[in-house]
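Listing of data_30.cif, mmCIF, C-alpha atoms and all ligand atoms
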data_structure
#
loop_
_atom_site.label_atom_id
_atom_site.label_comp_id
_atom_site.auth_asym_id
_atom_site.auth_seq_id
_atom_site.Cartn_x
_atom_site.Cartn_y
_atom_site.Cartn_z
CA MET P 4 0.00 0.00 0.00
CA ALA P 5 1.26 3.48 -0.85
CA ASN P 6 2.48 5.55 2.09
CA GLU P 7 2.65 9.28 2.66
CA SER P 8 5.13 10.75 5.13
CA HIS P 9 6.48 14.18 6.02
CA HIS P 10 10.14 15.04 6.70
CA LYS P 11 12.17 18.14 7.49
CA VAL P 12 14.58 17.60 4.64
CA ILE P 13 14.65 15.29 1.64
CA ILE P 14 17.62 14.76 -0.64
CA LEU P 15 17.08 13.59 -4.19
CA GLY P 16 19.95 11.66 -5.77
CA SER P 17 22.74 9.39 -4.60
CA GLY P 18 25.92 10.72 -6.17
CA PRO P 19 28.67 12.55 -4.24
CA ALA P 20 26.47 15.67 -3.89
CA GLY P 21 23.53 13.73 -2.44
CA TYR P 22 25.54 11.65 0.03
CA THR P 23 27.53 14.68 1.21
CA ALA P 24 24.30 16.64 1.78
CA ALA P 25 23.01 13.59 3.67
CA ILE P 26 26.11 13.33 5.90
CA TYR P 27 25.87 17.00 6.87
CA THR P 28 22.10 17.18 7.40
CA ALA P 29 22.14 13.91 9.36
CA ARG P 30 24.94 15.16 11.61
CA ALA P 31 22.87 18.31 12.16
CA GLY P 32 20.07 16.11 13.52
CA LEU P 33 17.65 16.78 10.65
CA GLU P 34 16.93 13.05 10.07
CA PRO P 35 17.17 13.31 6.28
CA ILE P 36 15.58 10.95 3.79
CA LEU P 37 17.65 10.31 0.65
CA ILE P 38 15.81 8.98 -2.40
CA GLN P 39 18.40 7.25 -4.56
CA GLY P 40 16.88 7.52 -8.04
CA MET P 41 17.22 5.21 -11.04
CA GLN P 42 20.97 4.81 -10.74
CA PRO P 43 22.01 4.37 -7.09
CA GLY P 44 25.47 5.87 -6.63
CA GLY P 45 25.12 8.04 -9.73
CA GLN P 46 27.59 8.43 -12.56
CA LEU P 47 30.61 7.26 -10.56
CA THR P 48 29.18 3.76 -10.49
CA ILE P 49 29.73 3.50 -14.25
CA THR P 50 33.23 4.89 -14.21
CA THR P 51 36.49 3.11 -13.46
CA GLU P 52 39.49 4.54 -11.71
CA VAL P 53 38.90 7.85 -9.91
CA ASP P 54 42.37 9.35 -9.48
CA ASN P 55 41.51 12.87 -8.44
CA PHE P 56 39.30 12.41 -5.37
CA PRO P 57 41.42 13.51 -2.39
CA GLY P 58 42.23 10.91 0.22
CA PHE P 59 42.94 8.04 -2.16
CA PRO P 60 46.64 8.25 -3.12
CA GLU P 61 46.40 5.08 -5.21
CA GLY P 62 43.07 6.07 -6.80
CA VAL P 63 39.75 4.39 -6.09
CA GLN P 64 37.19 2.59 -8.24
CA GLY P 65 33.94 4.56 -8.63
CA PRO P 66 31.77 1.53 -7.69
CA GLU P 67 33.86 1.14 -4.51
CA LEU P 68 33.68 4.79 -3.48
CA MET P 69 29.91 5.24 -3.67
CA PRO P 70 28.84 2.48 -1.21
CA LYS P 71 31.36 3.97 1.24
CA MET P 72 29.65 7.37 0.94
CA GLN P 73 26.27 5.70 1.49
CA GLU P 74 27.59 3.88 4.56
CA GLN P 75 28.90 7.14 6.00
CA ALA P 76 25.54 8.89 5.40
CA GLU P 77 23.68 5.99 7.05
CA ARG P 78 26.04 5.95 10.04
CA PHE P 79 24.63 9.34 11.08
CA GLY P 80 21.02 8.28 10.59
CA THR P 81 20.17 9.07 6.95
CA LYS P 82 17.32 6.90 5.72
CA VAL P 83 18.26 5.79 2.19
CA ILE P 84 15.31 4.82 0.02
CA PHE P 85 15.59 2.82 -3.19
CA ASP P 86 12.93 4.56 -5.27
CA SER P 87 12.66 7.20 -7.98
CA VAL P 88 10.71 10.43 -7.92
CA MET P 89 8.50 10.63 -11.00
CA ASN P 90 6.75 13.93 -10.35
CA THR P 91 6.92 16.87 -7.98
CA GLU P 92 4.67 19.62 -6.60
CA LEU P 93 6.86 22.46 -5.42
CA THR P 94 4.58 25.38 -6.23
CA ASP P 95 0.93 26.19 -5.55
CA GLU P 96 -1.70 27.13 -8.16
CA SER P 97 -0.49 30.73 -8.28
CA GLY P 98 3.06 29.59 -9.05
CA GLY P 99 4.34 30.59 -5.59
CA ARG P 100 6.17 28.32 -3.19
CA ALA P 101 3.98 25.43 -1.96
CA GLU P 102 3.38 25.16 1.80
CA LYS P 103 5.32 21.88 1.72
CA PHE P 104 7.11 20.23 -1.19
CA LYS P 105 5.47 17.04 -2.47
CA LEU P 106 7.29 14.18 -4.22
CA PHE P 107 5.54 11.32 -6.02
CA CYS P 108 7.60 8.14 -6.27
CA ASP P 109 7.63 5.26 -8.75
CA SER P 110 6.50 2.88 -5.96
CA GLY P 111 3.38 4.99 -5.36
CA ASP P 112 4.77 6.39 -2.09
CA VAL P 113 4.45 10.13 -1.55
CA TYR P 114 6.90 12.19 0.50
CA THR P 115 6.53 15.77 1.67
CA CYS P 116 9.21 18.01 3.15
CA ASP P 117 9.97 21.53 4.39
CA SER P 118 13.28 21.72 2.55
CA LEU P 119 14.41 19.91 -0.57
CA ILE P 120 17.98 19.31 -1.74
CA ILE P 121 18.16 18.37 -5.41
CA CYS P 122 21.19 16.31 -6.43
CA THR P 123 19.71 14.46 -9.41
CA GLY P 124 22.86 14.82 -11.52
CA ALA P 125 23.04 14.46 -15.27
CA SER P 126 22.63 11.64 -17.79
CA ALA P 127 24.66 10.65 -20.82
CA ARG P 128 23.69 12.38 -24.05
CA TRP P 129 23.06 10.52 -27.28
CA LEU P 130 23.40 11.70 -30.86
CA GLY P 131 19.68 11.15 -31.40
CA MET P 132 19.58 9.10 -34.62
CA ASP P 133 17.08 6.31 -35.22
CA SER P 134 19.89 3.90 -36.10
CA GLU P 135 21.62 4.71 -32.80
CA GLU P 136 18.43 4.00 -30.85
CA LYS P 137 17.86 0.76 -32.77
CA LEU P 138 21.38 -0.52 -32.08
CA LYS P 139 21.62 0.47 -28.40
CA GLY P 140 22.63 -2.72 -26.60
CA PHE P 141 23.61 -4.28 -29.94
CA GLY P 142 27.02 -2.67 -30.28
CA VAL P 143 26.08 0.91 -29.42
CA SER P 144 26.65 1.98 -25.80
CA ALA P 145 27.32 5.01 -23.58
CA CYS P 146 29.14 3.03 -20.88
CA ALA P 147 32.58 1.57 -21.56
CA THR P 148 32.82 0.19 -18.02
CA CYS P 149 29.56 -1.69 -18.43
CA ASP P 150 30.04 -3.01 -21.96
CA GLY P 151 33.76 -2.86 -22.85
CA PHE P 152 34.31 -6.48 -21.92
CA PHE P 153 32.11 -7.64 -24.83
CA PHE P 154 34.52 -6.25 -27.43
CA LYS P 155 37.59 -8.38 -26.78
CA ASP P 156 39.99 -8.26 -29.77
CA GLN P 157 37.52 -6.27 -31.87
CA GLU P 158 37.82 -2.91 -33.60
CA ILE P 159 35.57 -0.29 -32.02
CA ALA P 160 35.01 3.47 -31.90
CA VAL P 161 34.46 6.17 -29.30
CA ILE P 162 32.62 9.35 -30.29
CA GLY P 163 33.55 12.64 -28.59
CA GLY P 164 36.58 14.73 -27.72
CA GLY P 165 36.25 15.48 -23.98
CA ASP P 166 37.79 13.81 -20.93
CA ALA P 167 35.09 11.15 -20.89
CA ALA P 168 35.74 10.13 -24.51
CA VAL P 169 39.49 9.88 -24.01
CA GLU P 170 39.08 8.05 -20.70
CA GLU P 171 36.71 5.56 -22.34
CA ALA P 172 39.04 5.09 -25.30
CA LEU P 173 41.97 4.36 -22.96
CA PHE P 174 39.90 1.96 -20.88
CA LEU P 175 38.62 0.16 -23.97
CA THR P 176 42.18 -0.60 -25.14
CA ASN P 177 42.17 -3.20 -22.33
CA PHE P 178 39.81 -5.24 -24.47
CA ALA P 179 39.68 -4.03 -28.08
CA SER P 180 42.38 -4.58 -30.70
CA LYS P 181 41.87 -1.02 -31.97
CA VAL P 182 39.93 2.04 -30.80
CA TYR P 183 39.06 4.87 -33.20
CA LEU P 184 38.36 8.18 -31.49
CA ILE P 185 35.95 10.07 -33.71
CA HIS P 186 35.83 13.79 -33.04
CA ARG P 187 34.00 16.57 -34.88
CA ARG P 188 37.01 18.93 -34.66
CA ASP P 189 40.77 18.48 -35.02
CA GLU P 190 41.51 19.43 -31.43
CA LEU P 191 40.47 17.63 -28.25
CA ARG P 192 38.73 19.28 -25.32
CA ALA P 193 40.21 16.69 -22.93
CA GLU P 194 42.90 17.63 -20.38
CA LYS P 195 46.47 17.70 -21.73
CA ILE P 196 47.59 14.82 -19.53
CA MET P 197 44.76 12.65 -20.89
CA GLN P 198 45.73 13.61 -24.44
CA GLU P 199 49.31 12.56 -23.74
CA HIS P 200 48.18 9.18 -22.39
CA MET P 201 46.12 8.77 -25.53
CA LYS P 202 48.97 9.65 -27.89
CA ALA P 203 51.20 7.14 -26.12
CA ASN P 204 48.69 4.36 -26.69
CA GLU P 205 49.25 2.69 -30.05
CA LYS P 206 45.82 1.08 -30.08
CA ILE P 207 44.04 4.47 -30.32
CA GLU P 208 43.68 6.18 -33.69
CA PRO P 209 41.99 9.59 -33.86
CA VAL P 210 39.60 10.32 -36.70
CA TRP P 211 39.45 14.12 -36.87
CA ASP P 212 36.81 16.50 -38.24
CA SER P 213 34.28 13.70 -38.51
CA VAL P 214 30.66 13.18 -37.51
CA ILE P 215 28.46 10.11 -37.59
CA GLU P 216 26.05 10.03 -40.52
CA ASP P 217 24.60 6.67 -39.55
CA PHE P 218 25.12 3.58 -37.39
CA LEU P 219 25.17 0.58 -39.74
CA GLY P 220 23.88 -2.89 -38.90
CA ASP P 221 20.83 -4.81 -37.80
CA PRO P 222 20.04 -5.68 -34.16
CA ASN P 223 18.66 -9.03 -35.36
CA ALA P 224 21.67 -9.87 -37.51
CA GLY P 225 24.84 -9.44 -35.48
CA GLY P 226 24.29 -5.84 -34.34
CA LEU P 227 26.57 -2.96 -35.28
CA LYS P 228 28.71 -3.57 -38.37
CA GLY P 229 30.13 -0.12 -38.99
CA LEU P 230 29.74 3.63 -39.01
CA SER P 231 29.01 5.93 -41.88
CA LEU P 232 31.20 9.00 -41.33
CA LYS P 233 31.20 12.45 -42.84
CA ASN P 234 34.29 14.62 -42.91
CA VAL P 235 32.96 18.08 -41.98
CA LYS P 236 35.77 19.88 -43.84
CA THR P 237 35.71 17.98 -47.15
CA GLY P 238 32.14 16.61 -47.07
CA GLU P 239 33.55 13.17 -47.91
CA ILE P 240 31.50 10.19 -46.73
CA SER P 241 33.30 6.99 -45.67
CA THR P 242 32.56 3.76 -43.84
CA LEU P 243 34.45 2.58 -40.80
CA ASP P 244 34.11 -1.11 -39.97
CA VAL P 245 33.62 -1.40 -36.23
CA THR P 246 31.53 -3.73 -34.07
CA GLY P 247 31.23 -1.36 -31.11
CA ALA P 248 30.54 2.37 -30.79
CA PHE P 249 30.68 4.25 -27.48
CA VAL P 250 28.98 7.62 -27.45
CA ALA P 251 30.72 10.03 -25.01
CA ILE P 252 29.45 13.47 -25.94
CA GLY P 253 28.56 14.91 -22.56
CA HIS P 254 25.51 14.95 -20.35
CA THR P 255 22.05 16.45 -19.89
CA PRO P 256 20.94 17.57 -16.40
CA ASN P 257 18.14 15.51 -14.85
CA THR P 258 15.52 18.19 -14.25
CA GLU P 259 12.42 16.91 -16.10
CA ILE P 260 10.61 15.97 -12.88
CA PHE P 261 10.46 19.66 -11.89
CA GLY P 262 8.74 20.81 -15.09
CA ASN P 263 8.91 24.59 -15.13
CA GLN P 264 8.58 25.04 -11.38
CA LEU P 265 12.28 25.85 -11.03
CA GLN P 266 14.40 28.22 -13.08
CA THR P 267 16.84 26.53 -15.47
CA ASP P 268 19.25 27.81 -18.10
CA GLU P 269 18.77 27.06 -21.80
CA SER P 270 20.39 23.61 -21.38
CA GLY P 271 18.17 22.64 -18.45
CA TYR P 272 20.70 23.17 -15.63
CA LEU P 273 19.08 24.48 -12.44
CA ILE P 274 19.98 28.10 -11.75
CA THR P 275 21.29 28.81 -8.24
CA LYS P 276 21.98 32.18 -6.62
CA ALA P 277 25.56 33.50 -6.62
CA ASP P 278 27.78 31.87 -3.95
CA SER P 279 24.84 29.70 -2.91
CA THR P 280 22.91 26.55 -3.79
CA ALA P 281 19.54 28.31 -3.37
CA THR P 282 17.16 27.96 -6.32
CA ASN P 283 14.39 30.45 -7.13
CA LEU P 284 12.10 28.65 -4.62
CA GLU P 285 12.81 29.34 -0.96
CA GLY P 286 13.77 26.10 0.79
CA VAL P 287 14.80 24.29 -2.42
CA PHE P 288 18.54 23.88 -2.93
CA ALA P 289 20.49 22.29 -5.79
CA ALA P 290 23.93 20.69 -5.70
CA GLY P 291 26.20 18.70 -8.00
CA ASP P 292 25.98 18.22 -11.75
CA VAL P 293 22.29 19.20 -11.95
CA GLN P 294 23.36 22.83 -11.40
CA ASP P 295 26.98 22.73 -12.60
CA ARG P 296 27.77 23.00 -16.27
CA ILE P 297 31.36 24.05 -15.67
CA TYR P 298 33.28 21.87 -13.22
CA ARG P 299 31.25 18.63 -13.03
CA GLN P 300 33.71 16.82 -10.80
CA ALA P 301 32.95 14.41 -7.95
CA ILE P 302 34.73 16.71 -5.52
CA THR P 303 32.89 19.85 -6.61
CA ALA P 304 29.61 17.92 -6.42
CA ALA P 305 30.50 16.89 -2.86
CA GLY P 306 31.43 20.51 -2.06
CA THR P 307 28.13 21.91 -3.27
CA GLY P 308 26.31 19.07 -1.46
CA CYS P 309 27.87 20.35 1.76
CA MET P 310 26.84 23.93 0.93
CA ALA P 311 23.26 22.85 0.24
CA ALA P 312 23.08 21.00 3.56
CA LEU P 313 24.33 24.02 5.53
CA GLU P 314 21.96 26.35 3.69
CA SER P 315 19.03 24.00 4.22
CA GLU P 316 19.84 23.74 7.92
CA ARG P 317 19.97 27.54 8.23
CA TYR P 318 16.71 27.88 6.30
CA LEU P 319 14.92 25.42 8.61
CA GLN P 320 16.28 27.17 11.71
CA LEU P 321 15.00 30.54 10.47
CA LYS P 322 11.63 29.00 9.60
CA GLU P 323 11.32 27.44 13.06
CA GLY P 324 12.32 30.76 14.65
CA GLU P 325 9.63 32.56 12.67
CA ALA P 326 7.01 29.97 13.64
CA ALA P 327 7.94 30.34 17.31
CA ARG P 328 7.46 34.13 17.13
CA ILE P 329 3.96 33.89 15.63
P1 LIG H 1 32.43 17.46 -22.40
O1 LIG H 1 31.26 18.35 -22.51
O2 LIG H 1 33.68 17.94 -21.75
O3 LIG H 1 32.84 16.94 -23.86
C1 LIG H 1 31.89 16.50 -24.78
C2 LIG H 1 32.60 16.17 -26.09
O4 LIG H 1 31.64 15.66 -27.00
C3 LIG H 1 33.24 17.40 -26.73
O5 LIG H 1 34.48 17.06 -27.28
C4 LIG H 1 32.23 17.78 -27.81
O6 LIG H 1 32.82 18.33 -28.94
C5 LIG H 1 31.64 16.43 -28.17
N1 LIG H 1 30.25 16.57 -28.63
C6 LIG H 1 29.21 17.16 -27.99
N2 LIG H 1 28.08 17.06 -28.72
C7 LIG H 1 28.41 16.39 -29.83
C8 LIG H 1 27.67 15.99 -30.99
N3 LIG H 1 26.36 16.22 -31.10
N4 LIG H 1 28.33 15.34 -31.95
C9 LIG H 1 29.66 15.07 -31.85
N5 LIG H 1 30.41 15.43 -30.79
C10 LIG H 1 29.79 16.08 -29.79
O7 LIG H 1 31.85 16.15 -21.67
P2 LIG H 1 32.61 14.95 -20.93
O8 LIG H 1 31.52 13.99 -20.63
O9 LIG H 1 33.78 14.49 -21.67
O10 LIG H 1 33.13 15.60 -19.58
C11 LIG H 1 32.22 16.25 -18.70
C12 LIG H 1 32.97 16.76 -17.47
O11 LIG H 1 33.45 15.68 -16.68
C13 LIG H 1 34.18 17.62 -17.82
O12 LIG H 1 34.29 18.66 -16.90
C14 LIG H 1 35.33 16.66 -17.66
O13 LIG H 1 36.54 17.33 -17.34
C15 LIG H 1 34.87 15.76 -16.53
N6 LIG H 1 35.47 14.42 -16.63
C16 LIG H 1 36.64 14.20 -15.99
C17 LIG H 1 37.26 12.97 -16.06
C18 LIG H 1 38.56 12.77 -15.33
O14 LIG H 1 39.10 13.73 -14.81
N7 LIG H 1 39.10 11.58 -15.29
C19 LIG H 1 36.68 11.85 -16.82
C20 LIG H 1 35.45 12.19 -17.48
C21 LIG H 1 34.89 13.43 -17.39
P3 LIG H 1 33.48 19.80 -28.93
O15 LIG H 1 34.79 19.63 -28.21
O16 LIG H 1 33.63 20.12 -30.36
O17 LIG H 1 32.52 20.68 -28.22
#
Since I need it in another form, could you write the structure as structure tokens?
Ligand code: NDP
Amino acid sequence: MANESHHKVIILGSGPAGYTAAIYTARAGLEPILIQGMQPGGQLTITTEVDNFPGFPEGVQGPELMPKMQEQAERFGTKVIFDSVMNTELTDESGGRAEKFKLFCDSGDVYTCDSLIICTGASARWLGMDSEEKLKGFGVSACATCDGFFFKDQEIAVIGGGDAAVEEALFLTNFASKVYLIHRRDELRAEKIMQEHMKANEKIEPVWDSVIEDFLGDPNAGGLKGLSLKNVKTGEISTLDVTGAFVAIGHTPNTEIFGNQLQTDESGYLITKADSTATNLEGVFAAGDVQDRIYRQAITAAGTGCMAALESERYLQLKEGEAARI
């Protein structure tokens, strides 16, 4: 049977931002509820080695780090719920702030709260072609960690030119015989050190100034067989024979469940006030990749998660103080 319960503070999302907000609000005695979302642990659970999170001199595996964060949040009394919020009511009919924020979960359960911390992160972007959609899971993927193993001794491609694309290409050389890195320009966006690692790896061959025209193959007949490529400078069309293609072209913030109740920028990132995690609705705070189109690191997500928790705590204190004066 569906339940409805009210809480002081609810945290949405279980990446570094969410768990950090949970650790701080729990230690402040606010008895937070954290709703994990579709991908418990967030994006770090589909990454490999995390070398730049302080405190781990030898690096740490993403899927190892996230359960530790959860454990730490639970140690101080956070209640972690495996469910996803499908819809929200944050405003009243006039568009103003609702008396309490209402969250409708996939399970049918409904949660309400006085303060909401949004840490719903971002999801991998796709190129958006029909052939890509058709061949997802049949050679086309957005997760090298999840699917790389299936391409042992095969020739495959990674699409993109950022850190994620280069990291995936490097990781995939553990399995594939060759990895083409297909980029729409002739210069990578990835960090210099990543570019150097890539250059030093003989299995990786860059394909510059090229975009995907089509993913070739049939999901019922062996899956992906190749890529139709277009050189953006010459207009030349060519075919690259590969059995795997990993799309690594960035992310889209997960803000659909808020409709137009919260202010976002043109790409859908939640807008927060300067030097703050406060959104346009009093009592609603946003931390991590859902509000960060610039840094998007685990450590910056954790940092903003901490800010959101402190701001939420202060907000609740002020609200209680006001109520006591009335
Ligand atoms: P980025 O936004 O940094 O890069 C996206 C890449 O995809 C760009 O090269 C872009 O091309 C290309 N691209 C975007 N749209 C298209 C399209 N429609 N067709 C073809 N190519 C396209 O995203 P990442 O996911 O790589 O990185 C996100 C953040 O996470 C960054 O801050 C990054 O530093 C960080 N990160 C850090 C890692 C680490 O430190 N180990 C690992 C992974 C990510 P163009 O360059 O032309 O715009």
- Could you name the residues that touch stretch 37-48 of chain P at 7 Å or less, counting all atoms listed in the file, but leaving out those on the same chain fewer than 6 positions away, as number ranges by chain? P: 13-18, 25, 65-66, 69, 81-88
Give me the chain P side of the contact with ligand LIG 1 (chain H), cut-off 9 Å, one line per residue showing its nearest atom pair and distance in Å at one decimal, counting all atoms listed in the file, sorted by chain and residue number, as a tab-separated table.
residue	atom	partner	partner_atom	distance
P:Thr50	CA	H:LIG1	C19	8.2
P:Glu52	CA	H:LIG1	N7	7.9
P:Val53	CA	H:LIG1	N7	6.5
P:Asp54	CA	H:LIG1	N7	7.0
P:Asn55	CA	H:LIG1	O14	6.9
P:Ala127	CA	H:LIG1	O8	7.6
P:Arg128	CA	H:LIG1	N2	7.9
P:Trp129	CA	H:LIG1	N3	7.6
P:Leu130	CA	H:LIG1	N3	5.4
P:Gly131	CA	H:LIG1	N3	8.4
P:Ile162	CA	H:LIG1	N5	6.5
P:Gly163	CA	H:LIG1	O4	3.9
P:Gly164	CA	H:LIG1	O5	3.2
P:Gly165	CA	H:LIG1	O9	3.5
P:Asp166	CA	H:LIG1	O9	4.1
P:Ala167	CA	H:LIG1	C20	3.6
P:Ala168	CA	H:LIG1	O9	5.6
P:Val169	CA	H:LIG1	O9	7.7
P:Glu170	CA	H:LIG1	C19	5.9
P:Glu171	CA	H:LIG1	C20	8.3
P:Ile185	CA	H:LIG1	N5	8.2
P:His186	CA	H:LIG1	N5	6.1
P:Arg187	CA	H:LIG1	C9	5.5
P:Arg188	CA	H:LIG1	O16	5.6
P:Asp189	CA	H:LIG1	O16	8.7
P:Glu190	CA	H:LIG1	O15	7.5
P:Leu191	CA	H:LIG1	O15	6.0
P:Arg192	CA	H:LIG1	O15	4.9
P:Ala193	CA	H:LIG1	O13	6.7
P:Glu194	CA	H:LIG1	O13	7.1
P:Met197	CA	H:LIG1	N7	8.0
P:Ser213	CA	H:LIG1	C9	8.2
P:Val214	CA	H:LIG1	C9	6.1
P:Ile215	CA	H:LIG1	C9	7.7
P:Val250	CA	H:LIG1	O4	8.5
P:Ala251	CA	H:LIG1	O8	6.0
P:Ile252	CA	H:LIG1	O4	3.3
P:Gly253	CA	H:LIG1	O7	3.6
P:His254	CA	H:LIG1	O8	6.1
P:Arg296	CA	H:LIG1	O12	7.9
P:Ile297	CA	H:LIG1	O12	6.3
P:Tyr298	CA	H:LIG1	O12	5.0
P:Arg299	CA	H:LIG1	O12	4.9
P:Gln300	CA	H:LIG1	C15	5.9
P:Ala301	CA	H:LIG1	O11	8.8
Shell around P:Asn263 at 12 Å using all atoms listed in the file, local window under 6 positions removed, as a JSON list (two decimals) with C-alpha atoms, in the frame of the given file:
[["chain", "number", "residue", "atom", "x", "y", "z"],
["P", 90, "ASN", "CA", 6.75, 13.93, -10.35],
["P", 91, "THR", "CA", 6.92, 16.87, -7.98],
["P", 92, "GLU", "CA", 4.67, 19.62, -6.60],
["P", 93, "LEU", "CA", 6.86, 22.46, -5.42],
["P", 94, "THR", "CA", 4.58, 25.38, -6.23],
["P", 98, "GLY", "CA", 3.06, 29.59, -9.05],
["P", 271, "GLY", "CA", 18.17, 22.64, -18.45],
["P", 272, "TYR", "CA", 20.70, 23.17, -15.63],
["P", 273, "LEU", "CA", 19.08, 24.48, -12.44],
["P", 283, "ASN", "CA", 14.39, 30.45, -7.13],
["P", 284, "LEU", "CA", 12.10, 28.65, -4.62]]
- Taking all atoms listed in the file into account, which of P:Gly247, P:Pro70, P:Gly62, P:Pro222 comes nearest P:Ala147?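 Answer, going by the shortest atom-to-atom distance: P:Gly247.
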- So how many Å separate atom CA of P:Val235 and atom CA of P:Asp212, to one decimal?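 Spanning atom CA of P:Val235 to atom CA of P:Asp212 is a straight-line distance of 5.6 Å.
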- Message: Counting only C-alpha atoms, which residue out of P:Lys71, P:Lys206, P:His200, P:Lys11 sits closest to P:Asn177?
- Response: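 Using only C-alpha atoms, P:Asn177 sits closest to P:Lys206.
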- Identify which of the residues P:Gly308, P:Gly124, P:Gly140, P:Gly286 lies closest to P:Leu227, counting only C-alpha atoms when measuring atom-to-atom distances.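 Ranked by minimum distance to P:Leu227, first place goes to P:Gly140.
Taking all atoms listed in the file into account, P:Lys155 lies nearest to P:Thr246 out of the set P:Ala224, P:Glu269, P:Leu184, P:Thr246.
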